[in-house]
Amino acid sequence: MLNTDFEGRVLLCDALTLAAQEAPDVIIDVATLTESCVVALGPAVAGLFSNDDDLADRVLGAADKAGEPVWRLPLDERYADQVRSEIADLKNFPGTKYGRAITAALFLSRFVPLQTAWAHLDIAGPAWSDRHGGLGATGFSTATLLRFLESTAQQPIQTFRPPARAAAASARDRHDNNGD
């Protein structure tokens, strides 16, 4: 751990690892992960990262129906060097201020099995509001997740096929959830 101000993503990785042990078809996590997402999208819009286009489309559709603004951001492997470590599997701090929302999502993605469709909602901006005279939680993403579950009950998730970039990922680039 290079920076204790970035410890939340380490804790979230534990949750992703635990969820993956259940072998679900889909994992969706929600967190107030990065200020960088707020810088990019402002305080009203959440960022979405996903390793699966169909899942991303479903989450975006659910967000639209829920009236919660969400914008998809790239899970761009060109930033993967920023989470690689010379002395550990990964590092939680990218060492640069550029692309931090992307590097945070890449870090998380290393704890999701390649065969699992995964989406991450970074709700750092819309999670809090001061519209009613005091700072408070908004419950942002709750309605999106409910609409997602409703749509999934009507049209189940198809078997996920990992994207080509994930299939080609080397062992060095991926965290092995089996501890090997």
# chains A, B, ... in the order shown; residues from 1 in each chain; ligands from 1
>>> residues_around(residues="Glu22 of chain A", least_positions_apart="4", cutoff="12 Å", atoms="only C-alpha atoms", output="JSON, numbers by chain")
{"A": [15, 16, 17, 18, 26, 27, 112, 113, 116]}
>>> closest_residue(among="A:Leu114, A:Val59, A:Ile102, A:Ala44", to="Glu150 of chain A", atoms="only C-alpha atoms")
A:Val59
>>> atom_distance(atom1="atom CA of Ala62 of chain A", atom2="atom CA of Leu145 of chain A")
7.2 Å
>>> residues_around(residues="Asp76 of chain A", least_positions_apart="6", cutoff="12 Å", atoms="only C-alpha atoms", output="MDAnalysis selection string")
chainID A and resid 49:51 82 99:107 109 165:166
>>> closest_residue(among="A:Pro24, A:Pro126, A:Pro156, A:Gly136", to="Pro69 of chain A", atoms="only C-alpha atoms")
A:Pro126
>>> closest_residue(among="A:Leu60, A:Ala117, A:Leu149, A:Leu73", to="Ala20 of chain A", atoms="only C-alpha atoms")
A:Ala117
>>> closest_residue(among="A:Val38, A:Ala56, A:Leu33, A:Ala46", to="Trp118 of chain A", atoms="only C-alpha atoms")
A:Ala56
>>> atom_distance(atom1="atom CA of Ala143 of chain A", atom2="atom CA of Ile28 of chain A")
13.8 Å
>>> select_by_dssp(residues="segment 97-159 of chain A", states="strand (DSSP E)", output="list in words")
Ala117, Trp118, Ala119, His120, Leu121, Asp122, Trp128, Ser129, Gly136 and Ala137 of chain A
>>> residues_around(residues="Cys37 of chain A", least_positions_apart="4", cutoff="7 Å", atoms="only C-alpha atoms", output="PyMOL selection string")
chain A and resi 41+47+101+122+124
>>> residues_around(residues="Ala31 of chain A", least_positions_apart="4", cutoff="10 Å", atoms="only C-alpha atoms", output="PyMOL selection string")
chain A and resi 8-9+12+46+120-124+127+141
>>> closest_residue(among="A:Ala119, A:Thr32, A:Asp64, A:Arg72", to="Thr138 of chain A", atoms="only C-alpha atoms")
A:Thr32
>>> atom_distance(atom1="atom CA of Arg147 of chain A", atom2="atom CA of Ala63 of chain A")
7.4 Å
